Amino acid sequence: MSQHLTKFTKEVDSWIESHCPHSMRTPMPVSEQVWASSNIYFPSKDAKVWFDAMVSKGWCTPEWPKEFGGGGLTFDESKILKQRLKFYGCRPAQINFGISMLGPVLLEFGTDEQKHEFLPQISRGEIWWCQGFSEPGAGSDLANISTTATLKGGQYMIEGSKIWTSEANKADWMYCLVRTNKTVKKQAGISFVLLDLNQPNIDIKPIQLLSGQSPFCQVFFDNVYACETHRIAPENDGWKVAKRLLQFERTMMADMESEGAIDVEPLKVFRDSKPGSSPGSKKLLAKIATHEMRNHMIEITMSRTAAESQNGFSPTGLTLKYLSTEETQNRWELNVSSLGMGGLEIVDRSSGVRKEVSKSFFYSKAYTIAGGSSEVQLNIISKNILGLTS
Ligand SMILES: Cc1cc2nc3c(=O)[nH]c(=O)nc-3n(C[C@H](O)[C@H](O)[C@H](O)COP(=O)(O)OP(=O)(O)OC[C@H]3O[C@@H](n4cnc5c(N)ncnc54)[C@H](O)[C@@H]3O)c2cc1C
């Protein structure tokens, strides 16, 4: 490591020591997440202290330029920062799709005005963004979207509906794919617009799941507007922005799932408990070992991909969403198996509280659908990496 990076590592360590409260160096339950929003909520005083420290340092967006609220760090510095935050077990200061998905495409495709308008607000966690891509007739075949936008006097008038829009009922703005030309090839008639959800004629209906939760919504637009100045990239050229954003989404998902969702995972307890030599125990231990090796391989590949992406497109990146989300599902299978007979119990019998392990097990089934299903990822790999015909 260069002298500069060694010095930077020491600076990061001492900054974390003095700015990250100890309670923010513990695993984060879902109920204590801080979601970026115009109506931001902090579950504790320490969560706000940590958020303020990270935002004022620009370290929620370490590689963004300082003029847009970023930390202005180089790739290597940012990598060290992420490693040290992970080493100390620091919680993410905020959860923000603007940072992981929209921001990077604004940096790449946005005008100067758009960057100045949105990036600092995103970095400061002031906007809850939702993603308006999927429609009832457009999921895997996303280019099939039919929500239309017609330009009238500097404003797009939007009609149609989006579905599976995560957290739309809490969001402030939506980044949205709309059809601006119906007479050309599907991909060539799509635009990418930013839409303020705080306006009339938008009906947001949460979709209730079997679990009783409603993390998704269907969103109906009846003559809703988006400013022409809030279109990213030229009209009808939104497909390339969408594809790029999906790359960022898939990288985020690949990364996110390598983190633990609960304090102590049953598979680790089982692994460390010298579980005996019955054929069942030996088989489970072997599966856990294989999983840990694969997880490690995915983490190394992720670092390699990040380094390769510095010099342009890294084809390896196309494999990560598939590999990582499938492995996450496997991990929750192993967690359930490690608990034995009670593994799939949904509610704790004595306390009546919903069990985190079974909740995470069931939720992990969504990872290989959200952000593009595994089957579609395999199609992408076969076409773009292996050169097979579709
Ligand atoms: C937890 C979660 C959060 C989500 N959040 C959002 C969000 O915020 N915004 C948003 O816009 N969307 C969101 N989605 C929607 C998600 O992007 C779609 O569910 C996904 O793209 C699949 O589309 P679909 O559900 O229409 O399934 P379909 O496209 O109808 O696919 C059905 C099945 O057919 C298979 N299939 C389809 N085409 C092919 C093919 N060519 N080859 C092989 N198999 C194929 C699929 O793999 C799948 O198994 C979310 C989904 C989930 C599960």
# chains A, B, ... in the order shown; residues from 1 in each chain; ligands from 1
call {"tool": "residues_around", "arguments": {"residues": "stretch 152-155 of chain A", "least_positions_apart": "4", "cutoff": "10 Å", "atoms": "only C-alpha atoms", "output": "PyMOL selection string"}}
result
chain A and resi 224-231
call {"tool": "residues_near_ligand", "arguments": {"ligand": "ligand 1", "cutoff": "10 Å", "atoms": "only C-alpha atoms and all ligand atoms", "output": "short mmCIF file (atom, residue, chain, number, x, y, z; two decimals) with all heavy atoms, in the first residue's frame"}}
result
data_model
loop_
_atom_site.label_atom_id
_atom_site.label_comp_id
_atom_site.auth_asym_id
_atom_site.auth_seq_id
_atom_site.Cartn_x
_atom_site.Cartn_y
_atom_site.Cartn_z
N PHE A 97 -31.99 4.89 -2.39
CA PHE A 97 -31.86 4.42 -3.78
C PHE A 97 -31.28 5.53 -4.67
O PHE A 97 -30.75 5.26 -5.73
CB PHE A 97 -33.21 3.97 -4.35
CG PHE A 97 -33.79 2.76 -3.67
CD1 PHE A 97 -35.14 2.50 -3.73
CD2 PHE A 97 -32.97 1.87 -2.99
CE1 PHE A 97 -35.69 1.38 -3.11
CE2 PHE A 97 -33.50 0.75 -2.35
CZ PHE A 97 -34.87 0.51 -2.40
N TRP A 129 -36.59 8.26 -3.12
CA TRP A 129 -36.84 7.93 -4.53
C TRP A 129 -37.47 6.54 -4.64
O TRP A 129 -37.08 5.63 -3.91
CB TRP A 129 -35.53 7.90 -5.32
CG TRP A 129 -34.92 9.25 -5.51
CD1 TRP A 129 -33.96 9.83 -4.72
CD2 TRP A 129 -35.22 10.20 -6.54
NE1 TRP A 129 -33.66 11.09 -5.22
CE2 TRP A 129 -34.41 11.33 -6.32
CE3 TRP A 129 -36.09 10.20 -7.64
CZ2 TRP A 129 -34.45 12.45 -7.16
CZ3 TRP A 129 -36.13 11.32 -8.46
CH2 TRP A 129 -35.33 12.43 -8.23
N CYS A 130 -38.41 6.40 -5.57
CA CYS A 130 -38.85 5.06 -5.91
C CYS A 130 -38.64 4.85 -7.42
O CYS A 130 -38.39 5.81 -8.16
CB CYS A 130 -40.30 4.81 -5.51
SG CYS A 130 -41.51 5.81 -6.38
N GLN A 131 -38.74 3.59 -7.82
CA GLN A 131 -38.38 3.23 -9.19
C GLN A 131 -39.62 2.82 -9.99
O GLN A 131 -40.23 1.79 -9.71
CB GLN A 131 -37.39 2.07 -9.14
CG GLN A 131 -37.02 1.52 -10.50
CD GLN A 131 -35.88 0.52 -10.40
OE1 GLN A 131 -34.83 0.80 -9.85
NE2 GLN A 131 -36.09 -0.67 -10.93
N GLY A 132 -39.99 3.62 -10.98
CA GLY A 132 -41.17 3.33 -11.79
C GLY A 132 -40.77 2.70 -13.12
O GLY A 132 -40.82 3.37 -14.17
N PHE A 133 -40.37 1.44 -13.07
CA PHE A 133 -40.01 0.73 -14.31
C PHE A 133 -41.12 -0.28 -14.67
O PHE A 133 -41.76 -0.16 -15.70
CB PHE A 133 -38.68 -0.02 -14.14
CG PHE A 133 -37.44 0.82 -14.25
CD1 PHE A 133 -37.49 2.20 -14.18
CD2 PHE A 133 -36.19 0.23 -14.42
CE1 PHE A 133 -36.33 2.98 -14.28
CE2 PHE A 133 -35.03 0.99 -14.53
CZ PHE A 133 -35.10 2.36 -14.45
N SER A 134 -41.34 -1.29 -13.80
CA SER A 134 -42.26 -2.40 -14.14
C SER A 134 -43.70 -1.91 -14.32
O SER A 134 -44.14 -0.98 -13.65
CB SER A 134 -42.26 -3.44 -13.02
OG SER A 134 -40.97 -3.86 -12.73
N GLU A 135 -44.38 -2.59 -15.23
CA GLU A 135 -45.81 -2.32 -15.46
C GLU A 135 -46.53 -3.66 -15.53
O GLU A 135 -45.89 -4.70 -15.71
CB GLU A 135 -46.00 -1.56 -16.78
CG GLU A 135 -45.38 -0.18 -16.75
CD GLU A 135 -45.65 0.61 -18.03
OE1 GLU A 135 -46.44 0.13 -18.90
OE2 GLU A 135 -45.08 1.70 -18.17
N PRO A 136 -47.87 -3.64 -15.46
CA PRO A 136 -48.58 -4.93 -15.55
C PRO A 136 -48.18 -5.72 -16.81
O PRO A 136 -48.10 -6.94 -16.76
CB PRO A 136 -50.05 -4.51 -15.57
CG PRO A 136 -50.06 -3.23 -14.78
CD PRO A 136 -48.77 -2.54 -15.12
N GLY A 137 -47.87 -5.04 -17.90
CA GLY A 137 -47.49 -5.78 -19.12
C GLY A 137 -46.01 -5.70 -19.44
O GLY A 137 -45.59 -5.96 -20.57
N ALA A 138 -45.19 -5.28 -18.46
CA ALA A 138 -43.76 -5.11 -18.74
C ALA A 138 -42.95 -5.38 -17.48
O ALA A 138 -42.88 -4.54 -16.59
CB ALA A 138 -43.48 -3.70 -19.24
N GLY A 139 -42.38 -6.60 -17.38
CA GLY A 139 -41.54 -6.96 -16.24
C GLY A 139 -40.18 -7.34 -16.80
O GLY A 139 -39.32 -6.48 -17.06
N SER A 140 -39.99 -8.64 -17.07
CA SER A 140 -38.73 -9.07 -17.70
C SER A 140 -38.60 -8.39 -19.06
O SER A 140 -37.50 -7.98 -19.47
CB SER A 140 -38.74 -10.58 -17.89
OG SER A 140 -38.88 -11.20 -16.65
N ASP A 141 -39.73 -8.27 -19.76
CA ASP A 141 -39.71 -7.58 -21.06
C ASP A 141 -39.98 -6.10 -20.82
O ASP A 141 -41.03 -5.56 -21.18
CB ASP A 141 -40.78 -8.20 -21.96
CG ASP A 141 -40.69 -7.65 -23.38
OD1 ASP A 141 -39.71 -6.92 -23.67
OD2 ASP A 141 -41.59 -7.93 -24.18
N LEU A 142 -39.02 -5.45 -20.18
CA LEU A 142 -39.22 -4.08 -19.71
C LEU A 142 -39.47 -3.07 -20.85
O LEU A 142 -40.20 -2.09 -20.68
CB LEU A 142 -37.99 -3.65 -18.88
CG LEU A 142 -38.05 -2.32 -18.16
CD1 LEU A 142 -39.23 -2.26 -17.20
CD2 LEU A 142 -36.75 -2.06 -17.40
N LYS A 162 -47.84 1.95 -13.12
CA LYS A 162 -46.62 1.19 -12.76
C LYS A 162 -47.00 0.18 -11.68
O LYS A 162 -47.92 0.43 -10.88
CB LYS A 162 -45.55 2.14 -12.22
CG LYS A 162 -45.05 3.15 -13.26
CD LYS A 162 -44.18 2.47 -14.28
CE LYS A 162 -43.84 3.36 -15.45
NZ LYS A 162 -43.05 2.65 -16.47
N ILE A 163 -46.26 -0.93 -11.64
CA ILE A 163 -46.59 -1.94 -10.62
C ILE A 163 -45.31 -2.43 -9.93
O ILE A 163 -44.21 -2.26 -10.48
CB ILE A 163 -47.40 -3.11 -11.23
CG1 ILE A 163 -48.09 -3.91 -10.12
CG2 ILE A 163 -46.52 -4.01 -12.09
CD1 ILE A 163 -49.21 -4.81 -10.61
N TRP A 164 -45.49 -3.03 -8.76
CA TRP A 164 -44.39 -3.53 -7.91
C TRP A 164 -43.45 -2.40 -7.49
O TRP A 164 -42.26 -2.63 -7.28
CB TRP A 164 -43.57 -4.64 -8.58
CG TRP A 164 -44.34 -5.71 -9.26
CD1 TRP A 164 -44.16 -6.15 -10.54
CD2 TRP A 164 -45.39 -6.51 -8.70
NE1 TRP A 164 -45.05 -7.15 -10.82
CE2 TRP A 164 -45.82 -7.39 -9.71
CE3 TRP A 164 -46.02 -6.56 -7.46
CZ2 TRP A 164 -46.85 -8.30 -9.52
CZ3 TRP A 164 -47.05 -7.47 -7.27
CH2 TRP A 164 -47.44 -8.32 -8.28
N THR A 165 -43.98 -1.18 -7.42
CA THR A 165 -43.11 -0.05 -7.11
C THR A 165 -42.83 -0.04 -5.60
O THR A 165 -43.71 0.33 -4.81
CB THR A 165 -43.78 1.28 -7.52
OG1 THR A 165 -44.48 1.07 -8.74
CG2 THR A 165 -42.77 2.37 -7.66
N SER A 166 -41.62 -0.46 -5.24
CA SER A 166 -41.29 -0.58 -3.81
C SER A 166 -41.42 0.76 -3.12
O SER A 166 -40.87 1.76 -3.59
CB SER A 166 -39.85 -1.09 -3.63
OG SER A 166 -39.70 -2.35 -4.20
N GLU A 167 -42.15 0.78 -2.02
CA GLU A 167 -42.26 1.94 -1.12
C GLU A 167 -42.79 3.21 -1.80
O GLU A 167 -42.54 4.32 -1.32
CB GLU A 167 -40.89 2.26 -0.45
CG GLU A 167 -40.10 1.07 0.04
CD GLU A 167 -40.66 0.44 1.31
OE1 GLU A 167 -41.61 1.00 1.88
OE2 GLU A 167 -40.14 -0.62 1.70
N ALA A 168 -43.54 3.06 -2.89
CA ALA A 168 -44.04 4.27 -3.58
C ALA A 168 -44.91 5.11 -2.65
O ALA A 168 -44.96 6.34 -2.78
CB ALA A 168 -44.84 3.86 -4.81
N MET A 174 -40.23 9.88 -8.14
CA MET A 174 -40.05 8.61 -8.85
C MET A 174 -39.15 8.85 -10.06
O MET A 174 -39.31 9.85 -10.75
CB MET A 174 -41.41 8.10 -9.34
CG MET A 174 -41.34 6.87 -10.23
SD MET A 174 -42.95 6.45 -10.95
CE MET A 174 -43.73 5.59 -9.60
N TYR A 175 -38.19 7.96 -10.30
CA TYR A 175 -37.54 7.97 -11.61
C TYR A 175 -38.27 6.93 -12.44
O TYR A 175 -38.52 5.82 -11.98
CB TYR A 175 -36.02 7.76 -11.55
CG TYR A 175 -35.54 6.61 -10.74
CD1 TYR A 175 -35.43 5.34 -11.32
CD2 TYR A 175 -35.17 6.76 -9.42
CE1 TYR A 175 -34.98 4.26 -10.59
CE2 TYR A 175 -34.73 5.68 -8.68
CZ TYR A 175 -34.63 4.44 -9.26
OH TYR A 175 -34.20 3.36 -8.53
N CYS A 176 -38.63 7.33 -13.64
CA CYS A 176 -39.71 6.63 -14.31
C CYS A 176 -39.41 6.45 -15.81
O CYS A 176 -38.88 7.36 -16.46
CB CYS A 176 -40.93 7.55 -14.11
SG CYS A 176 -42.47 6.92 -14.70
N LEU A 177 -39.79 5.27 -16.32
CA LEU A 177 -39.66 5.06 -17.77
C LEU A 177 -41.01 5.31 -18.42
O LEU A 177 -42.03 4.77 -17.97
CB LEU A 177 -39.23 3.62 -18.06
CG LEU A 177 -37.82 3.23 -17.65
CD1 LEU A 177 -37.53 1.79 -18.07
CD2 LEU A 177 -36.80 4.18 -18.27
N PRO A 215 -44.99 -3.99 0.95
CA PRO A 215 -43.80 -3.23 0.53
C PRO A 215 -43.89 -2.68 -0.89
O PRO A 215 -43.07 -1.87 -1.29
CB PRO A 215 -42.68 -4.27 0.63
CG PRO A 215 -43.36 -5.58 0.43
CD PRO A 215 -44.77 -5.44 0.90
N PHE A 216 -44.89 -3.15 -1.65
CA PHE A 216 -45.02 -2.69 -3.04
C PHE A 216 -46.31 -1.91 -3.23
O PHE A 216 -47.25 -2.10 -2.47
CB PHE A 216 -45.28 -3.82 -4.02
CG PHE A 216 -44.41 -4.97 -4.01
CD1 PHE A 216 -44.94 -6.22 -3.73
CD2 PHE A 216 -43.10 -4.85 -4.36
CE1 PHE A 216 -44.17 -7.33 -3.80
CE2 PHE A 216 -42.33 -5.97 -4.43
CZ PHE A 216 -42.85 -7.21 -4.14
N CYS A 217 -46.36 -1.19 -4.36
CA CYS A 217 -47.60 -0.48 -4.70
C CYS A 217 -47.86 -0.60 -6.19
O CYS A 217 -46.94 -0.84 -6.98
CB CYS A 217 -47.47 1.00 -4.39
SG CYS A 217 -47.11 1.32 -2.67
N GLN A 218 -49.13 -0.39 -6.55
CA GLN A 218 -49.42 -0.08 -7.96
C GLN A 218 -49.70 1.42 -8.00
O GLN A 218 -50.38 1.97 -7.13
CB GLN A 218 -50.61 -0.87 -8.48
CG GLN A 218 -50.80 -0.62 -9.98
CD GLN A 218 -51.63 -1.66 -10.70
OE1 GLN A 218 -52.23 -2.54 -10.08
NE2 GLN A 218 -51.68 -1.56 -12.02
N LEU A 246 -30.03 -0.24 -14.21
CA LEU A 246 -30.22 -1.64 -13.78
C LEU A 246 -28.88 -2.29 -13.41
O LEU A 246 -28.81 -3.11 -12.51
CB LEU A 246 -30.92 -2.44 -14.88
CG LEU A 246 -32.43 -2.16 -15.02
CD1 LEU A 246 -33.00 -2.84 -16.26
CD2 LEU A 246 -33.20 -2.61 -13.77
N TYR A 363 -38.41 -13.94 2.66
CA TYR A 363 -38.15 -12.75 1.86
C TYR A 363 -37.04 -12.99 0.83
O TYR A 363 -37.05 -12.43 -0.26
CB TYR A 363 -37.80 -11.54 2.74
CG TYR A 363 -37.89 -10.26 1.94
CD1 TYR A 363 -39.14 -9.70 1.67
CD2 TYR A 363 -36.76 -9.67 1.39
CE1 TYR A 363 -39.25 -8.57 0.87
CE2 TYR A 363 -36.87 -8.55 0.59
CZ TYR A 363 -38.11 -8.00 0.35
OH TYR A 363 -38.22 -6.90 -0.46
N SER A 364 -36.10 -13.90 1.18
CA SER A 364 -34.97 -14.13 0.26
C SER A 364 -35.44 -14.65 -1.09
O SER A 364 -34.75 -14.55 -2.09
CB SER A 364 -33.95 -15.08 0.88
OG SER A 364 -34.45 -16.41 0.90
N LYS A 365 -36.66 -15.21 -1.13
CA LYS A 365 -37.19 -15.71 -2.40
C LYS A 365 -37.38 -14.56 -3.39
O LYS A 365 -37.36 -14.78 -4.61
CB LYS A 365 -38.53 -16.45 -2.19
CG LYS A 365 -38.44 -17.61 -1.22
CD LYS A 365 -37.49 -18.68 -1.72
CE LYS A 365 -37.24 -19.77 -0.70
NZ LYS A 365 -36.07 -20.58 -0.97
N ALA A 366 -37.58 -13.35 -2.88
CA ALA A 366 -37.80 -12.20 -3.78
C ALA A 366 -36.51 -11.72 -4.46
O ALA A 366 -36.55 -11.09 -5.51
CB ALA A 366 -38.40 -11.03 -2.98
N TYR A 367 -35.34 -12.05 -3.84
CA TYR A 367 -34.09 -11.50 -4.37
C TYR A 367 -33.80 -11.95 -5.79
O TYR A 367 -33.13 -11.26 -6.56
CB TYR A 367 -32.89 -11.92 -3.49
CG TYR A 367 -32.91 -11.35 -2.09
CD1 TYR A 367 -32.40 -12.08 -1.03
CD2 TYR A 367 -33.42 -10.08 -1.83
CE1 TYR A 367 -32.40 -11.57 0.26
CE2 TYR A 367 -33.43 -9.57 -0.55
CZ TYR A 367 -32.92 -10.32 0.49
OH TYR A 367 -32.92 -9.83 1.76
N THR A 368 -34.26 -13.18 -6.13
CA THR A 368 -33.94 -13.67 -7.49
C THR A 368 -35.01 -13.25 -8.49
O THR A 368 -35.00 -13.70 -9.63
CB THR A 368 -33.78 -15.21 -7.48
OG1 THR A 368 -34.96 -15.78 -6.89
CG2 THR A 368 -32.56 -15.63 -6.70
N ILE A 369 -35.93 -12.38 -8.05
CA ILE A 369 -36.92 -11.81 -8.98
C ILE A 369 -36.66 -10.30 -9.13
O ILE A 369 -36.54 -9.79 -10.25
CB ILE A 369 -38.36 -12.02 -8.44
CG1 ILE A 369 -38.63 -13.50 -8.19
CG2 ILE A 369 -39.38 -11.44 -9.43
CD1 ILE A 369 -39.95 -13.77 -7.48
N ALA A 370 -36.56 -9.60 -7.99
CA ALA A 370 -36.38 -8.14 -8.02
C ALA A 370 -35.11 -7.78 -8.79
O ALA A 370 -34.11 -8.49 -8.72
CB ALA A 370 -36.28 -7.61 -6.60
N GLY A 371 -35.18 -6.67 -9.53
CA GLY A 371 -34.00 -6.20 -10.26
C GLY A 371 -33.67 -7.06 -11.47
O GLY A 371 -32.59 -6.95 -12.04
N GLY A 372 -34.60 -7.93 -11.88
CA GLY A 372 -34.37 -8.82 -13.03
C GLY A 372 -34.20 -10.25 -12.54
O GLY A 372 -33.32 -10.51 -11.71
N SER A 373 -35.06 -11.16 -12.99
CA SER A 373 -35.08 -12.52 -12.45
C SER A 373 -33.80 -13.29 -12.84
O SER A 373 -33.09 -12.92 -13.78
CB SER A 373 -36.30 -13.27 -13.00
OG SER A 373 -36.14 -13.49 -14.37
N SER A 374 -33.56 -14.37 -12.10
CA SER A 374 -32.36 -15.19 -12.38
C SER A 374 -32.36 -15.73 -13.80
O SER A 374 -31.32 -15.77 -14.46
CB SER A 374 -32.29 -16.36 -11.40
OG SER A 374 -31.71 -15.95 -10.20
N GLU A 375 -33.53 -16.14 -14.29
CA GLU A 375 -33.60 -16.68 -15.66
C GLU A 375 -33.15 -15.61 -16.66
O GLU A 375 -32.38 -15.89 -17.60
CB GLU A 375 -35.02 -17.12 -16.01
CG GLU A 375 -35.52 -18.35 -15.26
CD GLU A 375 -35.97 -18.05 -13.83
OE1 GLU A 375 -36.02 -16.85 -13.45
OE2 GLU A 375 -36.24 -19.01 -13.09
N VAL A 376 -33.59 -14.38 -16.41
CA VAL A 376 -33.22 -13.29 -17.33
C VAL A 376 -31.73 -12.97 -17.20
O VAL A 376 -31.05 -12.68 -18.19
CB VAL A 376 -34.13 -12.06 -17.07
CG1 VAL A 376 -33.62 -10.83 -17.78
CG2 VAL A 376 -35.57 -12.38 -17.52
N GLN A 377 -31.20 -13.05 -15.96
CA GLN A 377 -29.75 -12.83 -15.78
C GLN A 377 -28.96 -13.88 -16.56
O GLN A 377 -27.94 -13.58 -17.18
CB GLN A 377 -29.34 -12.91 -14.30
CG GLN A 377 -30.00 -11.89 -13.39
CD GLN A 377 -29.95 -10.49 -13.95
OE1 GLN A 377 -28.89 -9.93 -14.14
NE2 GLN A 377 -31.11 -9.94 -14.27
N LEU A 378 -29.43 -15.13 -16.53
CA LEU A 378 -28.73 -16.19 -17.26
C LEU A 378 -28.78 -15.92 -18.76
O LEU A 378 -27.81 -16.17 -19.49
CB LEU A 378 -29.32 -17.57 -16.92
CG LEU A 378 -28.99 -18.06 -15.51
CD1 LEU A 378 -29.73 -19.36 -15.19
CD2 LEU A 378 -27.48 -18.29 -15.35
N ASN A 379 -29.93 -15.40 -19.25
CA ASN A 379 -30.01 -15.04 -20.66
C ASN A 379 -28.97 -13.98 -21.01
O ASN A 379 -28.28 -14.06 -22.04
CB ASN A 379 -31.40 -14.47 -21.00
CG ASN A 379 -32.46 -15.55 -21.09
OD1 ASN A 379 -32.14 -16.73 -21.12
ND2 ASN A 379 -33.72 -15.15 -21.13
N ILE A 380 -28.83 -12.98 -20.10
CA ILE A 380 -27.87 -11.88 -20.35
C ILE A 380 -26.45 -12.44 -20.39
O ILE A 380 -25.65 -12.10 -21.26
CB ILE A 380 -28.02 -10.80 -19.25
CG1 ILE A 380 -29.38 -10.10 -19.38
CG2 ILE A 380 -26.89 -9.77 -19.32
CD1 ILE A 380 -29.71 -9.13 -18.25
N SER A 390 -29.82 -15.68 -28.84
CA SER A 390 -30.97 -15.68 -27.91
C SER A 390 -32.06 -16.63 -28.41
O SER A 390 -32.08 -17.04 -29.52
CB SER A 390 -31.52 -14.27 -27.74
OG SER A 390 -31.29 -13.48 -28.83
#
call {"tool": "atom_distance", "arguments": {"atom1": "atom CA of A:Asn335", "atom2": "atom CA of A:Thr290"}}
result
13.9 Å
call {"tool": "closest_residue", "arguments": {"among": "A:Cys20, A:Met297, A:Ile145, A:Met1", "to": "A:Pro92", "atoms": "only C-alpha atoms"}}
result
A:Cys20
call {"tool": "closest_residue", "arguments": {"among": "A:Gly58, A:Lys243, A:Ile232, A:Trp332", "to": "A:Glu113", "atoms": "only C-alpha atoms"}}
result
A:Ile232
call {"tool": "select_by_dssp", "arguments": {"residues": "stretch 26-177 of chain A", "states": "helix (DSSP H, G or I)", "output": "JSON, numbers by chain"}}
result
{"A": [30, 31, 32, 45, 46, 47, 48, 49, 50, 51, 52, 53, 54, 55, 56, 57, 66, 67, 68, 75, 76, 77, 78, 79, 80, 81, 82, 83, 84, 85, 86, 87, 97, 98, 99, 100, 101, 102, 103, 104, 105, 106, 107, 108, 109, 112, 113, 114, 115, 116, 117, 118, 119, 120, 121, 122, 123, 142, 143, 144]}
call {"tool": "residues_around", "arguments": {"residues": "A:Phe361", "least_positions_apart": "2", "cutoff": "12 Å", "atoms": "only C-alpha atoms", "output": "list in words"}}
result
Ala261, Ile262, Glu265, Thr328, Gln329, Asn330, Arg331, Trp332, Glu333, Leu334, Asn335, Val336, Ser337, Gly343, Leu344, Glu345, Ile346, Lys355, Glu356, Val357, Ser358, Lys359, Tyr363, Ser364, Lys365, Ala366 and Tyr367 of chain A
call {"tool": "closest_residue", "arguments": {"among": "A:Ser277, A:Thr305, A:Thr74, A:Asn198", "to": "A:Leu318", "atoms": "only C-alpha atoms"}}
result
A:Thr305
call {"tool": "atom_distance", "arguments": {"atom1": "atom CA of A:Trp35", "atom2": "atom CA of A:Gly125"}}
result
7.8 Å
call {"tool": "decode", "arguments": {"residues": "stretch 116-168 of chain A", "atoms": "C-alpha atoms", "output": "mmCIF file, in the first residue's frame"}}
result
data_model
loop_
_atom_site.group_PDB
_atom_site.id
_atom_site.type_symbol
_atom_site.label_atom_id
_atom_site.label_comp_id
_atom_site.auth_asym_id
_atom_site.auth_seq_id
_atom_site.Cartn_x
_atom_site.Cartn_y
_atom_site.Cartn_z
ATOM 1 C CA HIS A 116 -26.693 20.667 -9.239
ATOM 2 C CA GLU A 117 -30.421 20.391 -8.570
ATOM 3 C CA PHE A 118 -30.545 16.767 -7.432
ATOM 4 C CA LEU A 119 -27.158 15.341 -6.419
ATOM 5 C CA PRO A 120 -26.571 17.463 -3.273
ATOM 6 C CA GLN A 121 -30.128 16.739 -2.093
ATOM 7 C CA ILE A 122 -29.601 13.034 -2.722
ATOM 8 C CA SER A 123 -26.323 13.020 -0.864
ATOM 9 C CA ARG A 124 -27.916 14.812 2.114
ATOM 10 C CA GLY A 125 -30.707 12.200 2.213
ATOM 11 C CA GLU A 126 -33.494 14.687 1.526
ATOM 12 C CA ILE A 127 -35.458 12.733 -1.092
ATOM 13 C CA TRP A 128 -37.048 9.267 -0.967
ATOM 14 C CA TRP A 129 -36.841 7.931 -4.528
ATOM 15 C CA CYS A 130 -38.849 5.055 -5.912
ATOM 16 C CA GLN A 131 -38.383 3.229 -9.192
ATOM 17 C CA GLY A 132 -41.169 3.326 -11.789
ATOM 18 C CA PHE A 133 -40.014 0.727 -14.308
ATOM 19 C CA SER A 134 -42.258 -2.399 -14.136
ATOM 20 C CA GLU A 135 -45.806 -2.315 -15.457
ATOM 21 C CA PRO A 136 -48.578 -4.934 -15.548
ATOM 22 C CA GLY A 137 -47.487 -5.778 -19.120
ATOM 23 C CA ALA A 138 -43.761 -5.107 -18.741
ATOM 24 C CA GLY A 139 -41.536 -6.964 -16.241
ATOM 25 C CA SER A 140 -38.733 -9.066 -17.704
ATOM 26 C CA ASP A 141 -39.708 -7.584 -21.062
ATOM 27 C CA LEU A 142 -39.224 -4.075 -19.706
ATOM 28 C CA ALA A 143 -39.049 -2.413 -23.130
ATOM 29 C CA ASN A 144 -42.746 -3.261 -23.464
ATOM 30 C CA ILE A 145 -43.805 -0.352 -21.187
ATOM 31 C CA SER A 146 -46.952 1.457 -22.280
ATOM 32 C CA THR A 147 -47.231 4.367 -19.816
ATOM 33 C CA THR A 148 -47.202 7.304 -22.218
ATOM 34 C CA ALA A 149 -45.799 10.824 -21.937
ATOM 35 C CA THR A 150 -46.804 13.603 -24.316
ATOM 36 C CA LEU A 151 -44.846 16.839 -24.424
ATOM 37 C CA LYS A 152 -46.987 19.991 -24.128
ATOM 38 C CA GLY A 153 -45.410 23.397 -23.492
ATOM 39 C CA GLY A 154 -42.330 22.200 -21.634
ATOM 40 C CA GLN A 155 -44.157 19.551 -19.626
ATOM 41 C CA TYR A 156 -44.768 15.855 -20.194
ATOM 42 C CA MET A 157 -48.346 14.757 -19.494
ATOM 43 C CA ILE A 158 -48.225 11.158 -18.255
ATOM 44 C CA GLU A 159 -50.953 8.482 -18.419
ATOM 45 C CA GLY A 160 -50.693 4.849 -17.359
ATOM 46 C CA SER A 161 -49.692 2.665 -14.466
ATOM 47 C CA LYS A 162 -46.622 1.186 -12.760
ATOM 48 C CA ILE A 163 -46.586 -1.940 -10.618
ATOM 49 C CA TRP A 164 -44.392 -3.535 -7.907
ATOM 50 C CA THR A 165 -43.108 -0.047 -7.106
ATOM 51 C CA SER A 166 -41.287 -0.585 -3.806
ATOM 52 C CA GLU A 167 -42.263 1.937 -1.119
ATOM 53 C CA ALA A 168 -44.042 4.267 -3.583
#
